[in-house]
>>> print(open('coords_27.cif').read())   # mmCIF, C-alpha atoms
data_protein
#
loop_
_atom_site.label_atom_id
_atom_site.label_comp_id
_atom_site.auth_asym_id
_atom_site.auth_seq_id
_atom_site.Cartn_x
_atom_site.Cartn_y
_atom_site.Cartn_z
CA MET H 1 0.00 0.00 0.00
CA SER H 2 1.30 3.41 -0.93
CA ALA H 3 1.98 6.05 1.72
CA LEU H 4 -0.93 8.24 2.78
CA LEU H 5 -1.07 11.74 1.35
CA GLU H 6 0.17 14.73 3.35
CA ARG H 7 -2.67 17.15 4.18
CA ARG H 8 -0.82 20.44 3.65
CA ALA H 9 0.26 19.42 0.14
CA VAL H 10 -3.29 18.32 -0.70
CA VAL H 11 -4.93 21.60 0.33
CA LYS H 12 -2.17 23.61 -1.35
CA ARG H 13 -2.90 21.77 -4.57
CA LEU H 14 -6.66 22.45 -4.32
CA VAL H 15 -6.16 26.23 -4.23
CA ALA H 16 -2.94 26.57 -6.27
CA ASP H 17 -4.83 27.80 -9.32
CA ARG H 18 -7.88 29.15 -7.48
CA ARG H 19 -9.14 31.73 -9.98
CA ASP H 20 -12.51 32.95 -8.62
CA LEU H 21 -12.84 30.13 -6.09
CA LEU H 22 -14.60 30.98 -2.81
CA VAL H 23 -13.40 28.80 0.06
CA VAL H 24 -14.88 27.91 3.44
CA ALA H 25 -12.57 25.97 5.78
CA GLY H 26 -13.82 23.89 8.70
CA LEU H 27 -12.37 24.53 12.13
CA GLY H 28 -9.03 23.12 13.19
CA SER H 29 -6.52 21.57 10.87
CA THR H 30 -8.25 22.33 7.58
CA ALA H 31 -8.37 26.05 8.47
CA TYR H 32 -4.63 25.91 9.22
CA ASP H 33 -3.98 23.99 5.98
CA LEU H 34 -5.84 26.60 3.93
CA PHE H 35 -4.02 29.48 5.62
CA ALA H 36 -0.67 27.73 5.15
CA ALA H 37 -1.44 27.47 1.43
CA GLY H 38 -1.65 31.27 1.29
CA ASP H 39 -4.08 33.74 2.86
CA HIS H 40 -6.77 35.19 0.60
CA PRO H 41 -9.77 37.47 1.23
CA ALA H 42 -12.07 34.88 -0.35
CA ASN H 43 -11.10 32.38 2.35
CA PHE H 44 -13.54 32.08 5.25
CA TYR H 45 -11.86 30.29 8.13
CA LEU H 46 -13.96 28.77 10.89
CA TRP H 47 -12.70 28.65 14.46
CA GLY H 48 -15.87 27.09 15.84
CA ALA H 49 -19.39 26.29 14.57
CA MET H 50 -18.40 22.64 14.24
CA GLY H 51 -20.66 20.85 11.77
CA GLY H 52 -21.55 24.05 9.93
CA ALA H 53 -18.95 24.31 7.17
CA ALA H 54 -20.92 22.52 4.44
CA MET H 55 -24.03 24.56 5.19
CA ILE H 56 -22.13 27.85 5.07
CA GLY H 57 -20.88 26.64 1.71
CA LEU H 58 -24.42 25.85 0.60
CA GLY H 59 -25.79 29.29 1.51
CA LEU H 60 -22.83 30.86 -0.27
CA ALA H 61 -23.17 28.66 -3.36
CA LEU H 62 -26.88 29.47 -3.66
CA ALA H 63 -26.12 33.19 -3.33
CA GLN H 64 -23.23 33.14 -5.85
CA PRO H 65 -24.25 30.56 -8.48
CA GLN H 66 -21.73 31.87 -11.01
CA LYS H 67 -18.73 31.29 -8.75
CA PRO H 68 -17.23 27.97 -7.69
CA VAL H 69 -17.45 27.33 -3.95
CA LEU H 70 -15.16 24.90 -2.10
CA VAL H 71 -15.76 23.66 1.41
CA VAL H 72 -12.62 22.03 2.75
CA THR H 73 -13.11 20.39 6.10
CA GLY H 74 -12.10 17.50 8.31
CA ASP H 75 -13.75 14.15 8.85
CA GLY H 76 -14.81 15.05 12.41
CA GLU H 77 -16.36 18.33 11.30
CA GLN H 78 -18.25 16.71 8.43
CA LEU H 79 -19.44 13.84 10.61
CA MET H 80 -21.04 16.37 12.99
CA GLY H 81 -22.89 17.92 10.06
CA MET H 82 -23.83 14.75 8.20
CA GLY H 83 -27.50 15.79 7.91
CA GLY H 84 -26.32 18.77 5.93
CA LEU H 85 -25.22 16.44 3.14
CA ALA H 86 -28.87 15.50 2.68
CA THR H 87 -29.74 19.20 2.63
CA VAL H 88 -27.12 19.84 -0.08
CA GLY H 89 -28.46 16.82 -1.98
CA ALA H 90 -31.96 18.30 -1.91
CA GLN H 91 -30.69 21.60 -3.43
CA ARG H 92 -28.01 20.21 -5.78
CA PRO H 93 -26.05 23.43 -6.37
CA ALA H 94 -23.81 22.80 -9.40
CA ASN H 95 -21.10 25.18 -8.13
CA LEU H 96 -20.53 23.56 -4.70
CA SER H 97 -17.72 21.11 -3.92
CA ILE H 98 -16.98 19.59 -0.55
CA VAL H 99 -13.55 18.07 0.06
CA VAL H 100 -13.08 16.19 3.32
CA ILE H 101 -9.47 15.93 4.43
CA ASP H 102 -9.84 12.62 6.22
CA ASN H 103 -7.16 11.57 8.69
CA GLU H 104 -9.68 9.37 10.53
CA ARG H 105 -8.89 11.31 13.69
CA PHE H 106 -10.09 14.20 15.83
CA GLY H 107 -6.85 16.07 15.31
CA GLU H 108 -7.29 19.03 17.66
CA THR H 109 -8.04 16.99 20.75
CA GLY H 110 -5.34 14.35 20.71
CA LEU H 111 -5.84 12.41 17.48
CA GLN H 112 -8.60 10.18 18.83
CA ARG H 113 -10.06 7.89 16.15
CA SER H 114 -13.15 9.22 14.39
CA HIS H 115 -16.02 7.23 12.88
CA THR H 116 -14.24 7.02 9.53
CA ALA H 117 -11.55 4.95 11.29
CA TYR H 118 -14.32 2.59 12.37
CA GLY H 119 -15.80 2.24 8.89
CA THR H 120 -18.14 5.16 8.19
CA ASP H 121 -18.06 5.74 4.44
CA LEU H 122 -18.63 9.46 3.87
CA VAL H 123 -18.36 9.04 0.10
CA GLY H 124 -21.19 6.51 0.28
CA VAL H 125 -23.24 8.93 2.38
CA ALA H 126 -22.72 11.76 -0.12
CA LYS H 127 -23.53 9.48 -3.04
CA SER H 128 -26.77 8.34 -1.44
CA CYS H 129 -27.69 11.97 -0.69
CA GLY H 130 -27.63 12.78 -4.41
CA PHE H 131 -24.24 14.40 -4.98
CA ALA H 132 -23.54 14.44 -8.72
CA TRP H 133 -19.90 13.34 -8.38
CA THR H 134 -18.19 11.53 -5.52
CA ARG H 135 -14.68 10.11 -5.11
CA GLU H 136 -12.35 8.65 -2.53
CA ILE H 137 -8.84 9.89 -3.19
CA ARG H 138 -5.75 8.06 -1.97
CA ALA H 139 -3.07 9.01 -4.50
CA GLU H 140 -1.58 12.29 -5.64
CA ALA H 141 -2.31 11.40 -9.25
CA GLN H 142 -6.05 11.55 -8.48
CA LEU H 143 -5.95 15.13 -7.17
CA GLY H 144 -6.00 16.71 -10.63
CA GLU H 145 -9.47 15.33 -11.18
CA VAL H 146 -10.68 16.93 -7.94
CA VAL H 147 -9.20 20.31 -8.91
CA ASP H 148 -10.95 20.09 -12.29
CA ARG H 149 -14.24 19.38 -10.54
CA LEU H 150 -13.93 22.48 -8.36
CA HIS H 151 -14.19 24.67 -11.44
CA ALA H 152 -16.45 22.50 -13.60
CA LYS H 153 -19.68 23.67 -11.92
CA ALA H 154 -21.23 20.27 -12.60
CA GLY H 155 -21.76 19.31 -8.98
CA PRO H 156 -22.49 19.15 -6.22
CA SER H 157 -19.22 17.29 -5.88
CA PHE H 158 -17.84 15.46 -2.87
CA ALA H 159 -14.39 14.00 -2.33
CA VAL H 160 -12.79 12.34 0.65
CA VAL H 161 -9.00 12.59 0.58
CA LYS H 162 -7.37 10.08 2.88
CA VAL H 163 -4.35 11.70 4.58
CA ALA H 164 -1.78 10.71 7.17
CA PRO H 165 -2.90 11.06 10.82
CA VAL H 166 -0.34 13.64 11.83
CA ASN H 167 -0.68 17.30 12.84
CA PRO H 168 1.70 19.57 10.90
CA PRO H 169 2.95 22.71 12.68
CA ARG H 170 0.09 25.12 13.27
CA ALA H 171 -0.44 28.00 10.85
CA LEU H 172 -3.00 30.26 12.42
CA PRO H 173 -5.30 32.54 10.39
CA ALA H 174 -7.06 35.57 11.90
CA ARG H 175 -9.72 34.68 14.46
CA ASP H 176 -11.74 37.90 14.30
CA GLY H 177 -15.02 36.87 12.70
CA VAL H 178 -16.18 40.35 11.74
CA TYR H 179 -12.91 40.96 9.92
CA LEU H 180 -13.12 37.63 8.09
CA LYS H 181 -16.73 38.31 7.10
CA ASN H 182 -16.16 41.85 5.91
CA ARG H 183 -13.07 41.16 3.85
CA PHE H 184 -14.79 38.16 2.25
CA ARG H 185 -17.80 40.28 1.28
CA GLU H 186 -15.62 43.13 0.06
CA SER H 187 -13.78 40.68 -2.22
CA LEU H 188 -17.17 40.07 -3.86
CA GLY H 189 -17.88 43.78 -4.15
CA LEU H 190 -20.42 43.70 -1.32
CA GLY H 191 -20.71 46.60 1.08
CA VAL H 192 -20.18 46.84 4.81
CA ASN H 193 -23.08 48.14 6.90
CA MET Q 1 -63.50 28.67 5.76
CA VAL Q 2 -61.68 26.23 7.95
CA ARG Q 3 -58.52 24.61 6.65
CA GLY Q 4 -57.49 21.27 8.06
CA LEU Q 5 -53.78 20.47 8.13
CA ARG Q 6 -53.09 16.84 8.84
CA ILE Q 7 -49.83 16.38 10.67
CA PHE Q 8 -49.14 12.98 12.15
CA GLY Q 9 -52.83 12.44 12.81
CA ILE Q 10 -53.35 15.89 14.24
CA VAL Q 11 -55.65 18.43 12.67
CA SER Q 12 -55.00 22.10 13.22
CA ALA Q 13 -58.04 24.23 12.52
CA MET Q 14 -57.07 27.55 11.01
CA THR Q 15 -59.59 30.23 10.23
CA GLU Q 16 -59.17 32.56 7.28
CA THR Q 17 -58.12 35.36 9.63
CA GLN Q 18 -55.38 33.19 11.01
CA THR Q 19 -54.07 32.28 7.57
CA GLY Q 20 -53.72 35.98 6.71
CA TRP Q 21 -50.60 36.61 8.75
CA PRO Q 22 -48.38 34.09 6.93
CA ASP Q 23 -49.23 35.88 3.68
CA GLY Q 24 -48.33 39.14 5.40
CA ILE Q 25 -44.92 37.70 6.34
CA TYR Q 26 -44.38 36.50 2.77
CA ASP Q 27 -45.09 39.99 1.41
CA LEU Q 28 -42.59 41.51 3.87
CA LEU Q 29 -39.89 39.00 2.92
CA LYS Q 30 -40.43 39.85 -0.74
CA GLN Q 31 -40.23 43.57 -0.07
CA ALA Q 32 -37.05 43.10 1.93
CA GLY Q 33 -35.42 41.14 -0.90
CA VAL Q 34 -35.07 37.89 1.04
CA LYS Q 35 -33.81 35.20 -1.35
CA GLN Q 36 -33.18 32.13 0.80
CA VAL Q 37 -35.76 30.67 3.17
CA ALA Q 38 -34.50 27.77 5.25
CA TYR Q 39 -36.89 25.71 7.31
CA VAL Q 40 -37.69 22.71 9.37
CA PRO Q 41 -41.44 22.54 8.80
CA ASP Q 42 -44.05 23.46 11.36
CA ALA Q 43 -47.81 23.55 10.90
CA GLY Q 44 -47.76 27.25 11.73
CA HIS Q 45 -45.34 27.91 8.88
CA ALA Q 46 -47.06 25.62 6.36
CA ARG Q 47 -48.69 28.43 4.38
CA LEU Q 48 -45.51 30.54 4.23
CA ILE Q 49 -43.44 27.51 3.14
CA GLU Q 50 -45.96 26.86 0.34
CA ARG Q 51 -45.69 30.46 -0.83
CA VAL Q 52 -41.89 30.33 -0.85
CA HIS Q 53 -41.83 27.08 -2.82
CA ALA Q 54 -44.18 28.62 -5.39
CA ASP Q 55 -41.87 31.63 -5.83
CA ASN Q 56 -39.17 31.14 -8.47
CA ASP Q 57 -37.22 34.09 -7.11
CA MET Q 58 -36.80 32.50 -3.67
CA LYS Q 59 -34.90 29.39 -2.70
CA ALA Q 60 -36.71 27.17 -0.21
CA VAL Q 61 -34.17 25.07 1.68
CA VAL Q 62 -35.50 22.19 3.73
CA LEU Q 63 -33.17 21.28 6.61
CA THR Q 64 -32.62 18.09 8.56
CA SER Q 65 -31.92 20.11 11.72
CA GLU Q 66 -32.38 23.78 12.57
CA GLU Q 67 -28.70 24.45 13.27
CA GLU Q 68 -28.02 23.85 9.58
CA GLY Q 69 -30.17 26.87 8.89
CA ILE Q 70 -28.08 29.13 11.12
CA ALA Q 71 -24.95 28.21 9.13
CA LEU Q 72 -26.82 28.47 5.81
CA CYS Q 73 -28.04 31.99 6.60
CA CYS Q 74 -24.47 33.04 7.42
CA GLY Q 75 -23.23 31.62 4.13
CA ALA Q 76 -26.00 33.40 2.24
CA TRP Q 77 -24.91 36.71 3.77
CA LEU Q 78 -21.27 36.06 2.89
CA GLY Q 79 -22.51 35.72 -0.69
CA GLY Q 80 -24.67 38.83 -0.54
CA GLU Q 81 -28.14 37.37 -0.08
CA ARG Q 82 -30.68 37.94 2.66
CA SER Q 83 -32.27 34.88 4.21
CA VAL Q 84 -34.66 33.87 6.96
CA LEU Q 85 -34.95 30.73 9.06
CA LEU Q 86 -38.31 29.18 9.93
CA MET Q 87 -38.68 26.70 12.75
CA GLN Q 88 -40.76 25.56 15.67
CA SER Q 89 -39.74 26.35 19.25
CA SER Q 90 -38.35 22.85 19.80
CA GLY Q 91 -35.80 23.59 17.07
CA VAL Q 92 -34.26 26.50 18.96
CA GLY Q 93 -32.49 24.02 21.22
CA ASN Q 94 -30.76 22.53 18.18
CA CYS Q 95 -29.23 25.90 17.25
CA ILE Q 96 -27.39 26.93 20.38
CA ASN Q 97 -23.69 26.43 19.62
CA MET Q 98 -24.13 27.41 15.96
CA LEU Q 99 -25.32 30.82 17.18
CA SER Q 100 -21.72 31.50 18.23
CA LEU Q 101 -20.97 31.83 14.50
CA VAL Q 102 -23.57 34.59 14.26
CA GLU Q 103 -22.27 36.47 17.30
CA ASN Q 104 -18.58 36.17 16.50
CA CYS Q 105 -18.95 37.38 12.94
CA ARG Q 106 -21.88 39.71 13.67
CA PHE Q 107 -23.96 38.14 10.93
CA PRO Q 108 -27.49 39.41 10.48
CA LEU Q 109 -30.01 36.69 11.33
CA LEU Q 110 -33.79 36.56 11.31
CA ALA Q 111 -35.49 33.47 12.75
CA LEU Q 112 -39.27 33.16 12.77
CA VAL Q 113 -40.19 30.69 15.49
CA THR Q 114 -43.67 29.26 15.89
CA MET Q 115 -44.30 28.38 19.52
CA ARG Q 116 -45.49 25.07 20.88
CA GLY Q 117 -46.00 24.07 24.45
CA GLU Q 118 -47.61 27.25 25.71
CA TRP Q 119 -51.32 27.45 24.76
CA GLY Q 120 -53.65 24.49 24.90
CA GLU Q 121 -50.79 22.12 24.13
CA PHE Q 122 -51.80 18.47 24.08
CA ASN Q 123 -48.23 17.09 24.00
CA GLN Q 124 -46.25 17.75 27.15
CA TRP Q 125 -43.01 16.76 25.38
CA GLN Q 126 -43.18 20.24 23.83
CA GLU Q 127 -43.21 22.00 27.21
CA PRO Q 128 -39.55 21.96 28.37
CA MET Q 129 -38.06 23.49 25.22
CA SER Q 130 -41.00 25.87 24.96
CA LYS Q 131 -40.16 27.33 28.38
CA ALA Q 132 -36.47 27.50 27.46
CA THR Q 133 -36.94 29.06 24.02
CA GLN Q 134 -36.74 32.76 24.84
CA PRO Q 135 -34.12 32.55 27.62
CA SER Q 136 -31.81 30.32 25.59
CA LEU Q 137 -31.98 32.61 22.56
CA GLU Q 138 -31.21 35.58 24.79
CA LEU Q 139 -28.34 33.75 26.46
CA MET Q 140 -26.79 33.37 23.00
CA GLY Q 141 -27.15 37.06 22.20
CA VAL Q 142 -30.30 36.93 20.08
CA THR Q 143 -32.83 39.76 20.40
CA VAL Q 144 -36.30 38.30 20.91
CA HIS Q 145 -39.58 39.85 19.80
CA ARG Q 146 -43.00 38.25 20.24
CA ALA Q 147 -46.33 38.40 18.48
CA ASP Q 148 -49.41 36.79 19.99
CA ARG Q 149 -52.10 38.49 17.94
CA ALA Q 150 -52.51 38.29 14.17
CA ASP Q 151 -52.64 42.09 13.99
CA ASP Q 152 -49.15 42.36 15.49
CA VAL Q 153 -47.35 39.88 13.28
CA THR Q 154 -46.46 41.96 10.25
CA GLU Q 155 -45.36 45.00 12.25
CA THR Q 156 -43.17 42.83 14.46
CA VAL Q 157 -41.60 41.00 11.54
CA ALA Q 158 -41.04 44.27 9.67
CA ALA Q 159 -39.19 45.72 12.67
CA ALA Q 160 -37.16 42.51 13.04
CA LEU Q 161 -36.15 42.62 9.35
CA ASP Q 162 -34.80 46.13 9.81
CA THR Q 163 -32.96 45.26 13.00
CA ALA Q 164 -31.41 42.17 11.44
CA PHE Q 165 -30.36 43.50 8.06
CA ARG Q 166 -29.76 47.19 8.78
CA SER Q 167 -28.12 46.77 12.19
CA ASP Q 168 -26.39 43.42 11.68
CA GLN Q 169 -28.19 41.86 14.63
CA ALA Q 170 -29.56 38.42 15.35
CA VAL Q 171 -33.30 38.61 15.91
CA ALA Q 172 -35.92 35.97 16.59
CA VAL Q 173 -39.65 36.58 16.36
CA LEU Q 174 -41.64 34.18 18.49
CA LEU Q 175 -45.08 33.60 17.00
CA GLY Q 176 -47.34 32.62 19.89
CA GLN Q 177 -49.14 29.30 19.80
CA ARG Q 178 -52.40 31.18 20.18
CA LEU Q 179 -51.93 32.51 16.65
CA ILE Q 180 -51.84 29.04 15.22
CA GLY Q 181 -54.77 27.73 17.19
CA ARG Q 182 -55.24 24.82 19.51
CA LYS Q 183 -54.45 21.45 18.09
CA GLU Q 184 -57.02 18.73 18.39
CA TRP Q 185 -56.57 15.00 18.30
CA THR Q 186 -58.32 13.19 15.48
CA LYS Q 187 -58.72 9.53 14.74
#
>>> encode(input="coords_27.cif", output="structure tokens")
Amino acid sequence: MSALLERRAVVKRLVADRRDLLVVAGLGSTAYDLFAAGDHPANFYLWGAMGGAAMIGLGLALAQPQKPVLVVTGDGEQLMGMGGLATVGAQRPANLSIVVIDNERFGETGLQRSHTAYGTDLVGVAKSCGFAWTREIRAEAQLGEVVDRLHAKAGPSFAVVKVAPVNPPRALPARDGVYLKNRFRESLGLGVN
Amino acid sequence: MVRGLRIFGIVSAMTETQTGWPDGIYDLLKQAGVKQVAYVPDAGHARLIERVHADNDMKAVVLTSEEEGIALCCGAWLGGERSVLLMQSSGVGNCINMLSLVENCRFPLLALVTMRGEWGEFNQWQEPMSKATQPSLELMGVTVHRADRADDVTETVAAALDTAFRSDQAVAVLLGQRLIGRKEWTK
């Protein structure tokens, strides 16, 4: 079996050629991964609201149907919001992609095993909820297909990328929510009250 | 005219006067430019949900749990759209931690909450969350308005729309169970 992918390299690849991509990152390691790949006003980092990343992405995707929206989050975060996959499936926004960076662990709290370590198949869940495209990714060579899907607007798309269960050094984005909200909206030409 | 809504063997009798206020809310949402309406259904919101589904300019988003709607409304605002969240009082309990997203980022939020467990309720399982609805919203920083008479609904919702979207506040309007009418068991 080949070595598991390294999470920082995976997320960096997802946003390397981001164009007009809008990105929501789930709390914890995926927010650090996204920040480490390069800060951007169209990144919305979560520091809490566990289970909410996919739904923030859905509201955003419905509001901005012409722009591709990526939710990048961890297995623990997505597991807490599993009902939201059914809600996305009911709406089927073509411009929404969810990529779960799956280390099969709750990384922030001591790398305890998550449900995906015990067999929960998130790709199967997304497929059965009506996502238009689903994949489990284990090799670097498969990442190009995921990147293409982000911009294809033929979703909703859902990928689980299996990564090594290690925590890279922390890279901490801003925690001020009002700042993150306002700069995100300004990047879309939206005003501040 | 009396409309019968069958929900799990329960019929809620609604007079024509009582059905007027949901149409009043719909008109206000249209005027305010609300584009996304997220909901976990409740009998009291049935008419409004129907209107939203029939409107091609609004997106009706059915949720599996109310906290999804909090996150959805925040995402809608990030993308420049106004939204509202419809739920029953029991759903408020499902939203608590997700409201920290609203407070931290100062997102506007408007939740329209139909009350159970406070007026001629036949199901005592509705009572605990009913009693906790207003205090728990307030504990999480949400401004709470109430309407118990049909005549008050549109004015209250209009004020809440302004407070939410002009002042970037989180507001909930509790729609009293008396508005919806007593539920009666049927065979």
>>> resolve_selection(input="coords_27.cif", expression="the PyMOL selection byres ((chain H and resi 31) around 12)", output="PDB file with C-alpha atoms, keeping the file's coordinate frame")
ATOM      1  CA  ARG H   7      -2.670  17.150   4.180  1.00  0.00           C
ATOM      2  CA  ARG H   8      -0.820  20.440   3.650  1.00  0.00           C
ATOM      3  CA  VAL H  11      -4.930  21.600   0.330  1.00  0.00           C
ATOM      4  CA  LYS H  12      -2.170  23.610  -1.350  1.00  0.00           C
ATOM      5  CA  VAL H  23     -13.400  28.800   0.060  1.00  0.00           C
ATOM      6  CA  VAL H  24     -14.880  27.910   3.440  1.00  0.00           C
ATOM      7  CA  ALA H  25     -12.570  25.970   5.780  1.00  0.00           C
ATOM      8  CA  GLY H  26     -13.820  23.890   8.700  1.00  0.00           C
ATOM      9  CA  LEU H  27     -12.370  24.530  12.130  1.00  0.00           C
ATOM     10  CA  GLY H  28      -9.030  23.120  13.190  1.00  0.00           C
ATOM     11  CA  SER H  29      -6.520  21.570  10.870  1.00  0.00           C
ATOM     12  CA  THR H  30      -8.250  22.330   7.580  1.00  0.00           C
ATOM     13  CA  TYR H  32      -4.630  25.910   9.220  1.00  0.00           C
ATOM     14  CA  ASP H  33      -3.980  23.990   5.980  1.00  0.00           C
ATOM     15  CA  LEU H  34      -5.840  26.600   3.930  1.00  0.00           C
ATOM     16  CA  PHE H  35      -4.020  29.480   5.620  1.00  0.00           C
ATOM     17  CA  ALA H  36      -0.670  27.730   5.150  1.00  0.00           C
ATOM     18  CA  ALA H  37      -1.440  27.470   1.430  1.00  0.00           C
ATOM     19  CA  GLY H  38      -1.650  31.270   1.290  1.00  0.00           C
ATOM     20  CA  ASP H  39      -4.080  33.740   2.860  1.00  0.00           C
ATOM     21  CA  ASN H  43     -11.100  32.380   2.350  1.00  0.00           C
ATOM     22  CA  PHE H  44     -13.540  32.080   5.250  1.00  0.00           C
ATOM     23  CA  TYR H  45     -11.860  30.290   8.130  1.00  0.00           C
ATOM     24  CA  LEU H  46     -13.960  28.770  10.890  1.00  0.00           C
ATOM     25  CA  TRP H  47     -12.700  28.650  14.460  1.00  0.00           C
ATOM     26  CA  GLY H  48     -15.870  27.090  15.840  1.00  0.00           C
ATOM     27  CA  ALA H  53     -18.950  24.310   7.170  1.00  0.00           C
ATOM     28  CA  VAL H  71     -15.760  23.660   1.410  1.00  0.00           C
ATOM     29  CA  VAL H  72     -12.620  22.030   2.750  1.00  0.00           C
ATOM     30  CA  THR H  73     -13.110  20.390   6.100  1.00  0.00           C
ATOM     31  CA  GLY H  74     -12.100  17.500   8.310  1.00  0.00           C
ATOM     32  CA  GLU H  77     -16.360  18.330  11.300  1.00  0.00           C
ATOM     33  CA  ILE H 101      -9.470  15.930   4.430  1.00  0.00           C
ATOM     34  CA  GLU H 108      -7.290  19.030  17.660  1.00  0.00           C
ATOM     35  CA  ARG H 170       0.090  25.120  13.270  1.00  0.00           C
ATOM     36  CA  ALA H 171      -0.440  28.000  10.850  1.00  0.00           C
ATOM     37  CA  LEU H 172      -3.000  30.260  12.420  1.00  0.00           C
ATOM     38  CA  PRO H 173      -5.300  32.540  10.390  1.00  0.00           C
ATOM     39  CA  ALA H 174      -7.060  35.570  11.900  1.00  0.00           C
ATOM     40  CA  ARG H 175      -9.720  34.680  14.460  1.00  0.00           C
TER      41      ARG H 175
END
>>> interface_residues(input="coords_27.cif", of="chain Q", to="chain H", cutoff="6 Å", atoms="all atoms listed in the file", output="PyMOL selection string")
chain Q and resi 63-64+68+71-72+75-76+78-79+81+98+101+104-105
>>> resolve_selection(input="coords_27.cif", expression="the PyMOL selection byres ((chain Q and resi 83) around 10)", output="mmCIF file with C-alpha atoms, in the coordinates of the input")
data_model
loop_
_atom_site.group_PDB
_atom_site.id
_atom_site.type_symbol
_atom_site.label_atom_id
_atom_site.label_comp_id
_atom_site.auth_asym_id
_atom_site.auth_seq_id
_atom_site.Cartn_x
_atom_site.Cartn_y
_atom_site.Cartn_z
ATOM 1 C CA GLY H 59 -25.790 29.290 1.510
ATOM 2 C CA ALA H 63 -26.120 33.190 -3.330
ATOM 3 C CA LEU Q 29 -39.890 39.000 2.920
ATOM 4 C CA ALA Q 32 -37.050 43.100 1.930
ATOM 5 C CA GLY Q 33 -35.420 41.140 -0.900
ATOM 6 C CA VAL Q 34 -35.070 37.890 1.040
ATOM 7 C CA LYS Q 35 -33.810 35.200 -1.350
ATOM 8 C CA GLN Q 36 -33.180 32.130 0.800
ATOM 9 C CA VAL Q 37 -35.760 30.670 3.170
ATOM 10 C CA ALA Q 38 -34.500 27.770 5.250
ATOM 11 C CA MET Q 58 -36.800 32.500 -3.670
ATOM 12 C CA LYS Q 59 -34.900 29.390 -2.700
ATOM 13 C CA ALA Q 60 -36.710 27.170 -0.210
ATOM 14 C CA GLY Q 69 -30.170 26.870 8.890
ATOM 15 C CA ILE Q 70 -28.080 29.130 11.120
ATOM 16 C CA LEU Q 72 -26.820 28.470 5.810
ATOM 17 C CA CYS Q 73 -28.040 31.990 6.600
ATOM 18 C CA CYS Q 74 -24.470 33.040 7.420
ATOM 19 C CA GLY Q 75 -23.230 31.620 4.130
ATOM 20 C CA ALA Q 76 -26.000 33.400 2.240
ATOM 21 C CA TRP Q 77 -24.910 36.710 3.770
ATOM 22 C CA GLY Q 80 -24.670 38.830 -0.540
ATOM 23 C CA GLU Q 81 -28.140 37.370 -0.080
ATOM 24 C CA ARG Q 82 -30.680 37.940 2.660
ATOM 25 C CA VAL Q 84 -34.660 33.870 6.960
ATOM 26 C CA LEU Q 85 -34.950 30.730 9.060
ATOM 27 C CA PRO Q 108 -27.490 39.410 10.480
ATOM 28 C CA LEU Q 109 -30.010 36.690 11.330
ATOM 29 C CA LEU Q 110 -33.790 36.560 11.310
ATOM 30 C CA ALA Q 111 -35.490 33.470 12.750
ATOM 31 C CA PHE Q 165 -30.360 43.500 8.060
#
>>> closest_residue(input="coords_27.cif", among="Q:Val52, Q:Val61, Q:Ala43, Q:Ala132", to="Q:Ser90", atoms="all atoms listed in the file")
Q:Ala132
>>> closest_residue(input="coords_27.cif", among="Q:Glu118, Q:Glu103, Q:Asp152, Q:Asp42", to="Q:Glu138", atoms="only C-alpha atoms")
Q:Glu103
>>> resolve_selection(input="coords_27.cif", expression="the PyMOL selection byres ((chain H and resi 131-144) around 10)", output="number ranges by chain")
H: 2-6, 9-11, 13-14, 85-86, 88-94, 96-102, 121-130, 145-149, 154-163
>>> atom_distance(input="coords_27.cif", atom1="atom CA of H:Pro165", atom2="atom CA of H:Asn103")
4.8 Å
>>> axis_aligned_box(input="coords_27.cif", around="stretch 84-99 of chain H", padding_each_side="4 Å", output="JSON")
{"center_x": -22.8, "center_y": 20.3, "center_z": -1.7, "size_x": 26.4, "size_y": 17.7, "size_z": 23.3}
>>> atom_distance(input="coords_27.cif", atom1="atom CA of Q:Leu48", atom2="atom CA of Q:Cys95")
21.4 Å
>>> closest_residue(input="coords_27.cif", among="H:Pro41, H:Ser187, H:Asp75, H:Leu150", to="H:Ser114", atoms="all atoms listed in the file")
H:Asp75
>>> atom_distance(input="coords_27.cif", atom1="atom CA of Q:Gly91", atom2="atom CA of Q:Asp23")
22.6 Å
>>> decode(input="coords_27.cif", residues="stretch 40-57 of chain Q", atoms="C-alpha atoms", output="PDB file, in the first residue's frame")
ATOM      1  CA  VAL Q  40     -37.691  22.707   9.366  1.00  0.00           C
ATOM      2  CA  PRO Q  41     -41.437  22.545   8.803  1.00  0.00           C
ATOM      3  CA  ASP Q  42     -44.050  23.464  11.358  1.00  0.00           C
ATOM      4  CA  ALA Q  43     -47.807  23.548  10.897  1.00  0.00           C
ATOM      5  CA  GLY Q  44     -47.764  27.252  11.731  1.00  0.00           C
ATOM      6  CA  HIS Q  45     -45.340  27.915   8.878  1.00  0.00           C
ATOM      7  CA  ALA Q  46     -47.060  25.622   6.356  1.00  0.00           C
ATOM      8  CA  ARG Q  47     -48.687  28.426   4.380  1.00  0.00           C
ATOM      9  CA  LEU Q  48     -45.513  30.537   4.227  1.00  0.00           C
ATOM     10  CA  ILE Q  49     -43.443  27.511   3.142  1.00  0.00           C
ATOM     11  CA  GLU Q  50     -45.962  26.858   0.341  1.00  0.00           C
ATOM     12  CA  ARG Q  51     -45.686  30.455  -0.831  1.00  0.00           C
ATOM     13  CA  VAL Q  52     -41.894  30.334  -0.849  1.00  0.00           C
ATOM     14  CA  HIS Q  53     -41.833  27.078  -2.823  1.00  0.00           C
ATOM     15  CA  ALA Q  54     -44.177  28.615  -5.392  1.00  0.00           C
ATOM     16  CA  ASP Q  55     -41.867  31.633  -5.830  1.00  0.00           C
ATOM     17  CA  ASN Q  56     -39.166  31.140  -8.474  1.00  0.00           C
ATOM     18  CA  ASP Q  57     -37.216  34.088  -7.112  1.00  0.00           C
TER      19      ASP Q  57
END
